[in-house]
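Q: Sending over query.cif (mmCIF, C-alpha atoms and all ligand atoms).
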```cif
data_final
#
loop_
_atom_site.label_atom_id
_atom_site.label_comp_id
_atom_site.auth_asym_id
_atom_site.auth_seq_id
_atom_site.Cartn_x
_atom_site.Cartn_y
_atom_site.Cartn_z
CA MET S 1 25.17 -18.51 -4.45
CA ARG S 2 24.24 -19.48 -0.89
CA VAL S 3 20.94 -18.15 0.44
CA GLY S 4 19.74 -18.11 4.05
CA VAL S 5 16.04 -18.27 4.88
CA LEU S 6 14.56 -17.06 8.17
CA THR S 7 11.10 -16.66 9.66
CA GLY S 8 10.64 -14.08 12.43
CA GLY S 9 7.88 -12.72 14.68
CA GLY S 10 4.62 -14.46 15.54
CA ASP S 11 4.16 -17.54 13.37
CA CYS S 12 1.34 -17.65 10.84
CA PRO S 13 -0.15 -20.16 8.42
CA GLY S 14 1.72 -20.13 5.10
CA LEU S 15 5.31 -19.70 6.36
CA ASN S 16 6.22 -23.22 5.28
CA ALA S 17 4.70 -22.64 1.86
CA VAL S 18 7.09 -19.71 1.33
CA ILE S 19 10.13 -21.69 2.52
CA ARG S 20 9.16 -24.52 0.15
CA SER S 21 8.76 -22.39 -2.96
CA VAL S 22 11.93 -20.35 -2.25
CA VAL S 23 14.01 -23.51 -1.87
CA ARG S 24 12.46 -25.45 -4.73
CA LYS S 25 12.78 -22.71 -7.29
CA GLY S 26 16.20 -21.65 -5.99
CA VAL S 27 17.61 -25.18 -6.26
CA GLN S 28 15.88 -26.32 -9.45
CA GLU S 29 16.07 -23.18 -11.52
CA TYR S 30 19.08 -21.29 -10.18
CA ALA S 31 21.19 -24.06 -8.61
CA PHE S 32 21.46 -22.09 -5.36
CA ASP S 33 22.52 -23.61 -2.03
CA PHE S 34 20.37 -22.93 1.02
CA VAL S 35 20.71 -22.76 4.78
CA GLY S 36 17.92 -22.28 7.28
CA VAL S 37 18.32 -19.82 10.14
CA ARG S 38 16.69 -21.12 13.32
CA ASP S 39 14.25 -18.95 15.32
CA GLY S 40 14.38 -15.73 13.34
CA TRP S 41 17.09 -13.19 14.10
CA LEU S 42 18.02 -15.19 17.20
CA GLY S 43 19.62 -17.84 14.98
CA LEU S 44 21.96 -15.25 13.49
CA LEU S 45 22.90 -13.96 16.94
CA LYS S 46 23.54 -17.48 18.24
CA ASN S 47 25.01 -18.93 15.05
CA ASP S 48 22.18 -21.45 14.85
CA VAL S 49 22.05 -22.31 11.17
CA VAL S 50 20.94 -25.62 9.64
CA PRO S 51 21.15 -27.18 6.17
CA LEU S 52 18.09 -26.68 3.98
CA ASP S 53 17.46 -28.59 0.77
CA ILE S 54 14.66 -30.00 -1.35
CA SER S 55 14.16 -32.93 0.99
CA SER S 56 13.74 -30.62 4.02
CA VAL S 57 10.80 -28.86 2.34
CA ARG S 58 8.99 -31.94 1.08
CA GLY S 59 5.40 -32.25 2.37
CA ILE S 60 5.33 -28.96 4.28
CA LEU S 61 2.96 -26.96 2.04
CA PRO S 62 -0.20 -27.61 4.12
CA ARG S 63 1.54 -27.45 7.50
CA GLY S 64 1.00 -24.49 9.82
CA GLY S 65 3.83 -22.98 11.86
CA THR S 66 7.38 -22.86 10.53
CA ILE S 67 9.93 -25.66 10.18
CA LEU S 68 12.63 -23.08 10.99
CA GLY S 69 11.15 -21.86 14.26
CA SER S 70 10.55 -18.21 15.05
CA SER S 71 11.18 -15.58 17.72
CA ARG S 72 10.60 -11.89 18.31
CA THR S 73 14.32 -11.20 18.77
CA ASN S 74 15.51 -7.91 17.31
CA PRO S 75 19.28 -7.90 16.61
CA PHE S 76 19.47 -4.15 17.22
CA LYS S 77 18.31 -4.62 20.81
CA HIS S 78 21.39 -6.76 21.52
CA GLU S 79 24.88 -5.58 22.17
CA ASP S 80 27.04 -6.24 19.10
CA GLY S 81 23.89 -7.51 17.36
CA LEU S 82 24.88 -6.23 13.94
CA GLN S 83 28.39 -7.64 14.24
CA ARG S 84 27.12 -11.04 15.38
CA VAL S 85 24.68 -11.20 12.45
CA GLN S 86 27.47 -10.29 10.03
CA ASP S 87 29.84 -12.85 11.60
CA THR S 88 27.29 -15.68 11.35
CA LEU S 89 26.50 -14.87 7.74
CA ALA S 90 30.21 -14.75 6.89
CA SER S 91 31.01 -17.98 8.71
CA HIS S 92 28.39 -19.86 6.67
CA GLU S 93 29.27 -17.99 3.47
CA VAL S 94 25.72 -16.74 3.09
CA ASP S 95 25.46 -14.27 0.21
CA ALA S 96 21.84 -13.25 0.66
CA LEU S 97 18.88 -13.71 2.99
CA VAL S 98 15.17 -14.20 2.40
CA VAL S 99 13.51 -12.71 5.47
CA ILE S 100 9.89 -13.71 6.08
CA GLY S 101 8.30 -11.57 8.76
CA GLY S 102 5.90 -8.87 9.89
CA GLU S 103 6.45 -5.27 10.97
CA ASP S 104 9.17 -5.95 13.58
CA THR S 105 11.17 -8.54 11.64
CA LEU S 106 11.01 -6.53 8.42
CA GLY S 107 11.87 -3.36 10.36
CA ALA S 108 15.11 -5.02 11.50
CA ALA S 109 15.63 -6.25 7.92
CA THR S 110 15.36 -2.66 6.68
CA GLU S 111 18.08 -1.61 9.13
CA LEU S 112 20.34 -4.54 8.25
CA SER S 113 19.90 -3.78 4.58
CA ARG S 114 21.06 -0.20 5.25
CA HIS S 115 24.19 -1.79 6.76
CA GLY S 116 24.91 -3.61 3.51
CA ILE S 117 23.35 -7.04 4.12
CA ASN S 118 21.81 -8.46 0.96
CA LEU S 119 18.24 -9.39 1.70
CA VAL S 120 14.73 -9.61 0.30
CA GLY S 121 11.64 -9.35 2.54
CA VAL S 122 8.43 -11.39 2.40
CA PRO S 123 5.47 -9.96 4.34
CA LYS S 124 3.58 -12.28 6.69
CA THR S 125 1.13 -11.72 9.52
CA ILE S 126 -2.38 -12.73 10.37
CA ASP S 127 -2.97 -9.05 11.24
CA ASN S 128 -2.60 -7.88 7.59
CA ASP S 129 -1.00 -4.66 8.83
CA VAL S 130 2.15 -4.52 6.67
CA SER S 131 2.12 -1.53 4.32
CA GLY S 132 2.77 -1.81 0.61
CA THR S 133 0.88 -5.06 0.05
CA ASP S 134 -2.85 -5.60 -0.43
CA TYR S 135 -2.70 -8.73 1.71
CA THR S 136 -0.25 -10.66 3.83
CA PHE S 137 -0.58 -14.44 3.94
CA GLY S 138 -1.97 -15.83 7.19
CA PHE S 139 -4.72 -13.22 7.25
CA ASP S 140 -7.21 -15.19 5.16
CA THR S 141 -6.79 -18.26 7.37
CA ALA S 142 -7.26 -16.21 10.55
CA VAL S 143 -10.39 -14.54 9.16
CA GLY S 144 -11.79 -17.96 8.21
CA ILE S 145 -11.21 -19.30 11.73
CA ALA S 146 -12.70 -16.21 13.38
CA THR S 147 -15.72 -16.30 11.04
CA GLU S 148 -16.41 -19.92 11.85
CA ALA S 149 -16.19 -19.09 15.56
CA ILE S 150 -18.68 -16.23 15.15
CA ASP S 151 -21.09 -18.51 13.25
CA ARG S 152 -20.94 -20.98 16.12
CA LEU S 153 -21.36 -18.29 18.75
CA HIS S 154 -24.55 -16.99 17.10
CA THR S 155 -26.44 -20.19 17.81
CA THR S 156 -25.39 -20.51 21.44
CA ALA S 157 -26.00 -16.79 22.03
CA GLU S 158 -29.52 -17.12 20.60
CA SER S 159 -30.31 -20.20 22.68
CA HIS S 160 -29.60 -18.28 25.89
CA MET S 161 -30.53 -14.83 24.61
CA ARG S 162 -27.25 -13.39 25.83
CA ALA S 163 -24.69 -11.05 24.28
CA LEU S 164 -21.47 -12.63 23.12
CA VAL S 165 -18.28 -10.65 22.79
CA VAL S 166 -15.63 -12.20 20.52
CA GLU S 167 -12.09 -10.88 21.00
CA VAL S 168 -9.87 -11.40 17.98
CA MET S 169 -6.18 -10.60 17.40
CA GLY S 170 -5.00 -7.24 16.10
CA ARG S 171 -2.85 -5.08 18.36
CA HIS S 172 -2.56 -2.12 16.04
CA SER S 173 -5.09 -2.80 13.33
CA GLY S 174 -8.63 -4.08 13.04
CA TRP S 175 -8.41 -6.02 9.77
CA ILE S 176 -9.32 -9.40 11.28
CA ALA S 177 -12.14 -7.88 13.35
CA LEU S 178 -13.58 -6.02 10.37
CA HIS S 179 -13.43 -8.86 7.85
CA ALA S 180 -14.52 -11.65 10.21
CA GLY S 181 -17.13 -9.39 11.81
CA ILE S 182 -18.73 -8.59 8.46
CA ALA S 183 -18.47 -12.19 7.23
CA GLY S 184 -19.94 -13.51 10.48
CA GLY S 185 -22.78 -10.96 10.68
CA ALA S 186 -21.62 -9.26 13.89
CA ASN S 187 -23.74 -6.42 15.21
CA VAL S 188 -20.90 -4.33 16.52
CA ILE S 189 -17.26 -4.31 15.36
CA LEU S 190 -14.63 -2.46 17.38
CA ILE S 191 -11.14 -1.76 16.04
CA PRO S 192 -7.98 -0.07 17.38
CA GLU S 193 -8.08 2.61 14.69
CA ARG S 194 -11.24 4.07 16.15
CA PRO S 195 -11.76 4.52 19.91
CA PHE S 196 -15.33 3.45 20.66
CA ASP S 197 -18.08 4.95 22.74
CA ILE S 198 -19.24 2.38 25.30
CA ASP S 199 -22.65 4.10 25.64
CA GLN S 200 -23.21 3.70 21.92
CA VAL S 201 -22.08 0.06 21.97
CA CYS S 202 -24.54 -0.73 24.78
CA GLU S 203 -27.30 1.11 22.93
CA LEU S 204 -26.73 -1.04 19.81
CA VAL S 205 -26.68 -4.17 21.96
CA LYS S 206 -29.93 -3.16 23.67
CA ARG S 207 -31.65 -2.52 20.33
CA ARG S 208 -30.68 -5.97 19.19
CA PHE S 209 -32.20 -7.56 22.30
CA GLU S 210 -35.37 -5.52 21.79
CA ILE S 211 -35.99 -7.20 18.44
CA ASN S 212 -35.29 -10.59 19.96
CA TYR S 213 -31.85 -11.22 18.57
CA ALA S 214 -28.78 -12.11 20.59
CA PRO S 215 -26.08 -9.54 19.82
CA ILE S 216 -22.56 -10.46 18.75
CA VAL S 217 -19.81 -7.91 19.37
CA VAL S 218 -16.47 -8.47 17.64
CA VAL S 219 -13.57 -6.58 19.19
CA ALA S 220 -9.91 -6.45 18.16
CA GLU S 221 -7.57 -6.96 21.12
CA GLY S 222 -6.09 -3.49 20.59
CA ALA S 223 -9.42 -1.61 20.50
CA VAL S 224 -9.82 1.07 23.17
CA PRO S 225 -12.78 2.96 24.63
CA LYS S 226 -12.89 6.72 24.31
CA ALA S 227 -10.92 8.60 26.93
CA GLY S 228 -12.55 8.57 30.36
CA GLN S 229 -14.81 5.59 29.68
CA LEU S 230 -12.97 2.96 31.68
CA MET S 231 -15.25 2.38 34.61
CA VAL S 232 -14.68 -1.11 35.93
CA LYS S 233 -12.65 -1.02 39.14
CA ASP S 234 -9.05 -2.21 39.13
CA GLN S 235 -8.63 -1.82 35.42
CA SER S 236 -5.81 0.30 34.09
CA LEU S 237 -4.34 1.13 30.73
CA ASP S 238 -0.97 -0.08 29.53
CA GLU S 239 1.56 2.16 27.80
CA PHE S 240 -0.39 1.97 24.52
CA GLY S 241 -3.68 2.86 26.17
CA HIS S 242 -4.90 -0.78 25.92
CA VAL S 243 -6.88 -2.35 28.73
CA ARG S 244 -4.63 -4.50 30.93
CA LEU S 245 -5.47 -7.57 32.98
CA SER S 246 -8.52 -9.35 31.65
CA GLY S 247 -8.42 -7.74 28.21
CA ILE S 248 -10.84 -5.58 26.30
CA GLY S 249 -13.28 -8.43 25.54
CA GLU S 250 -13.80 -9.23 29.19
CA TRP S 251 -14.17 -5.56 30.06
CA LEU S 252 -16.79 -5.09 27.35
CA ALA S 253 -18.87 -8.04 28.55
CA GLN S 254 -18.80 -6.65 32.11
CA GLU S 255 -19.91 -3.23 30.92
CA ILE S 256 -22.63 -4.64 28.65
CA SER S 257 -24.02 -6.77 31.47
CA ALA S 258 -23.94 -3.94 33.97
CA ARG S 259 -25.57 -1.42 31.64
CA THR S 260 -28.14 -3.56 29.80
CA ARG S 261 -28.94 -5.95 32.65
CA LYS S 262 -28.54 -8.83 30.22
CA ASP S 263 -26.17 -11.72 30.40
CA ALA S 264 -22.96 -11.19 28.41
CA ARG S 265 -19.97 -13.52 27.92
CA THR S 266 -16.62 -13.29 26.21
CA THR S 267 -14.72 -15.67 23.95
CA VAL S 268 -11.06 -14.84 23.36
CA LEU S 269 -9.93 -16.64 20.19
CA GLY S 270 -6.21 -16.09 20.81
CA HIS S 271 -3.62 -18.27 19.11
CA ILE S 272 -6.21 -20.55 17.53
CA GLN S 273 -6.30 -17.86 14.82
CA ARG S 274 -2.62 -18.49 14.06
CA GLY S 275 -2.32 -22.24 14.29
CA GLY S 276 -3.03 -25.07 11.91
CA THR S 277 -3.25 -25.50 8.18
CA PRO S 278 -3.27 -22.45 5.87
CA SER S 279 -6.28 -21.69 3.65
CA ALA S 280 -6.01 -22.24 -0.11
CA PHE S 281 -5.63 -18.48 -0.63
CA ASP S 282 -2.77 -18.26 1.86
CA ARG S 283 -0.95 -21.21 0.27
CA TRP S 284 -1.37 -19.57 -3.13
CA LEU S 285 -0.13 -16.18 -1.93
CA ALA S 286 2.74 -17.58 0.15
CA THR S 287 3.91 -19.79 -2.72
CA ARG S 288 3.88 -16.88 -5.15
CA PHE S 289 5.69 -14.60 -2.68
CA GLY S 290 8.41 -17.25 -2.37
CA LEU S 291 8.82 -17.64 -6.13
CA HIS S 292 9.13 -13.89 -6.62
CA ALA S 293 11.45 -13.42 -3.63
CA ILE S 294 13.99 -15.89 -5.01
CA ASP S 295 13.78 -14.16 -8.42
CA ALA S 296 14.67 -10.89 -6.67
CA VAL S 297 17.67 -12.61 -5.04
CA LYS S 298 18.78 -13.96 -8.42
CA GLU S 299 18.57 -10.46 -9.91
CA GLY S 300 20.43 -8.93 -6.96
CA ASP S 301 17.43 -6.68 -6.31
CA PHE S 302 18.05 -6.34 -2.55
CA GLY S 303 16.45 -4.14 0.09
CA ARG S 304 13.03 -4.86 -1.38
CA MET S 305 9.88 -6.63 -0.24
CA VAL S 306 7.59 -8.70 -2.46
CA ALA S 307 3.99 -7.48 -2.31
CA LEU S 308 0.56 -8.24 -3.72
CA ARG S 309 -1.09 -5.52 -5.83
CA GLY S 310 -4.39 -6.72 -7.21
CA THR S 311 -3.39 -10.09 -8.65
CA ARG S 312 0.22 -9.12 -9.45
CA ILE S 313 3.27 -9.64 -7.30
CA VAL S 314 5.46 -6.53 -7.29
CA ARG S 315 8.55 -5.39 -5.37
CA VAL S 316 8.52 -2.36 -3.09
CA PRO S 317 11.36 -0.74 -1.12
CA LEU S 318 11.54 -2.38 2.32
CA ALA S 319 11.97 1.02 3.91
CA ASP S 320 8.60 2.19 2.51
CA ALA S 321 6.81 -0.95 3.63
CA THR S 322 8.11 -0.73 7.20
CA ALA S 323 7.80 3.03 7.73
CA GLN S 324 4.31 2.62 9.19
CA ASN S 325 1.59 0.02 9.79
CA LYS S 326 -1.25 -0.43 7.35
CA VAL S 327 -4.42 0.46 9.23
CA VAL S 328 -8.11 0.12 8.38
CA ASP S 329 -9.12 3.31 6.67
CA ARG S 330 -12.08 5.30 7.78
CA SER S 331 -14.24 4.75 4.72
CA LEU S 332 -14.00 0.96 4.97
CA TYR S 333 -15.12 1.04 8.58
CA GLU S 334 -17.88 3.54 7.87
CA GLU S 335 -19.29 1.25 5.18
CA PHE S 336 -19.99 -1.25 7.94
CA GLU S 337 -21.23 1.36 10.40
CA ALA S 338 -23.74 2.75 7.93
CA PHE S 339 -25.08 -0.75 7.34
CA TYR S 340 -25.56 -1.61 10.99
CA GLY S 341 -25.62 1.69 12.83
O1 LIG S 401 1.47 -10.08 15.23
C1 LIG S 401 0.63 -11.15 15.17
C2 LIG S 401 -0.03 -11.41 16.49
O2 LIG S 401 -0.75 -12.59 16.34
C3 LIG S 401 -0.90 -10.27 17.03
O3 LIG S 401 -2.17 -10.21 16.47
C4 LIG S 401 -0.93 -10.59 18.49
O4 LIG S 401 -1.19 -9.44 19.24
C5 LIG S 401 0.44 -11.07 18.75
O5 LIG S 401 0.89 -11.61 17.53
C6 LIG S 401 0.54 -12.09 19.84
O6 LIG S 401 1.88 -12.39 20.01
P1 LIG S 401 2.46 -13.53 20.94
O7 LIG S 401 2.16 -14.84 20.28
O8 LIG S 401 3.92 -13.25 20.97
O9 LIG S 401 1.76 -13.41 22.23
#
```
How would this structure read if it were set down as structure tokens?
A:
Amino acid sequence: MRVGVLTGGGDCPGLNAVIRSVVRKGVQEYAFDFVGVRDGWLGLLKNDVVPLDISSVRGILPRGGTILGSSRTNPFKHEDGLQRVQDTLASHEVDALVVIGGEDTLGAATELSRHGINLVGVPKTIDNDVSGTDYTFGFDTAVGIATEAIDRLHTTAESHMRALVVEVMGRHSGWIALHAGIAGGANVILIPERPFDIDQVCELVKRRFEINYAPIVVVAEGAVPKAGQLMVKDQSLDEFGHVRLSGIGEWLAQEISARTRKDARTTVLGHIQRGGTPSAFDRWLATRFGLHAIDAVKEGDFGRMVALRGTRIVRVPLADATAQNKVVDRSLYEEFEAFYG
């Protein structure tokens, strides 16, 4: 059997660990052949496919990024996309694909699987917002990086007695903000799932100053204020209701400064959360996902995604996993609110 491997969407730490375990187990235990698809779905549209063997995956376990490259290309947004994907697979005699991706990449995989392409999905994203799995790999590394940043920001904030706003990734979900915010001892955590009240945020910040502590506010990039609370001039909302231009972190610092009359600054962590070496947990999870994904290929159990449930790796229908994002549920957030509020 010949198996293609592709990584799509935003990169995240642990992608190489999956590629390595898929290829090693596939070659050693099942005598499969492999090819690597370059740059996610784009490689199948452009017929950009490279050989992949045990020597290509040697030494990549601790390396961030992906040796195959990635893109956000969706084959269904291209004319003849489906046909071009099918043609590329046929020309390289690929029998099955292991697709490593987040919501968009796995969404396209679900569609392709409905059109008869044999594939198995592996969930990745630092955002942890893929349904059906307790965790995606990449998340633990991102939370570790964000937590370390918050620890560092505490000491500089205290030295100048100013508020520090830390903007973390998370367009649709606040998992990174919630976990890193709790681990880093933030005073306020703002997530996309729950529009926030800027008056209340400033009140919490003020209270913190009153007891001589410098407040730390952690905000997910997709968090939004309640309707009607955007007051800074020249700001507007994008199609999702997110603050455009400078971003929500910058907006918050401006509002906090204006309303509390205290200095406030913003740190946007950005792609630092996605780069570099994966944590031990992410290597462990990614490796196990890879081993189970190639087992699913061997068994011909296609149209499924490997997932973590407790400590077990299970398989779930891809269509279920991609039907909607996994968001932070109310009770988890309220646990934090009750503690700090
Ligand atoms: O989906 C993962 C993610 O890191 C999001 O948290 C973030 O909004 C987005 O990717 C950034 O994407 P890009 O690197 O394409 O700007």
Q: Restricting the calculation to only C-alpha atoms, which member of S:Asp80, S:Pro195, S:Ala338, S:Gly310 is positioned closest to Asp134 in chain S?
A: S:Gly310
Q: 7 Å from ligand LIG 401 (chain S) is the threshold here; counting all atoms listed in the file, which polymer residues fall inside it? Answer as a VMD selection string.
A: chain S and resid 9 to 10 125 to 127 169 to 171 271 274
Q: Might I get the box with edges along x, y and z of the file that holds all atoms of range 271-288 of chain S listed there, padded by 3 Å on every side, given as centre and edge lengths in Å to one decimal, as JSON?
A:
```
{"center_x": -1.2, "center_y": -20.8, "center_z": 7.0, "size_x": 16.2, "size_y": 15.3, "size_z": 30.3}
```
Q: Fewer than 2 positions away in the same chain doesn't count, so skip those; otherwise give me all residues within 8 Å of Arg288 in chain S, counting only C-alpha atoms, as a tab-separated table (two decimals) with C-alpha atoms, in the frame of the given file.
A:
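Written output follows (out_23.tsv):
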```
chain	number	residue	atom	x	y	z
S	18	VAL	CA	7.09	-19.71	1.33
S	21	SER	CA	8.76	-22.39	-2.96
S	284	TRP	CA	-1.37	-19.57	-3.13
S	285	LEU	CA	-0.13	-16.18	-1.93
S	286	ALA	CA	2.74	-17.58	0.15
S	290	GLY	CA	8.41	-17.25	-2.37
S	291	LEU	CA	8.82	-17.64	-6.13
S	292	HIS	CA	9.13	-13.89	-6.62
S	313	ILE	CA	3.27	-9.64	-7.30
```
Q: Which residues, protein or nucleic acid, reach to within 12 Å of (6.8, -6.4, 2.2) in the file's coordinates when using all atoms listed in the file, and can you give that as an MDAnalysis selection string?
A: chainID S and resid 98:107 109:110 119:125 128:137 289:290 292:293 303:309 313:326
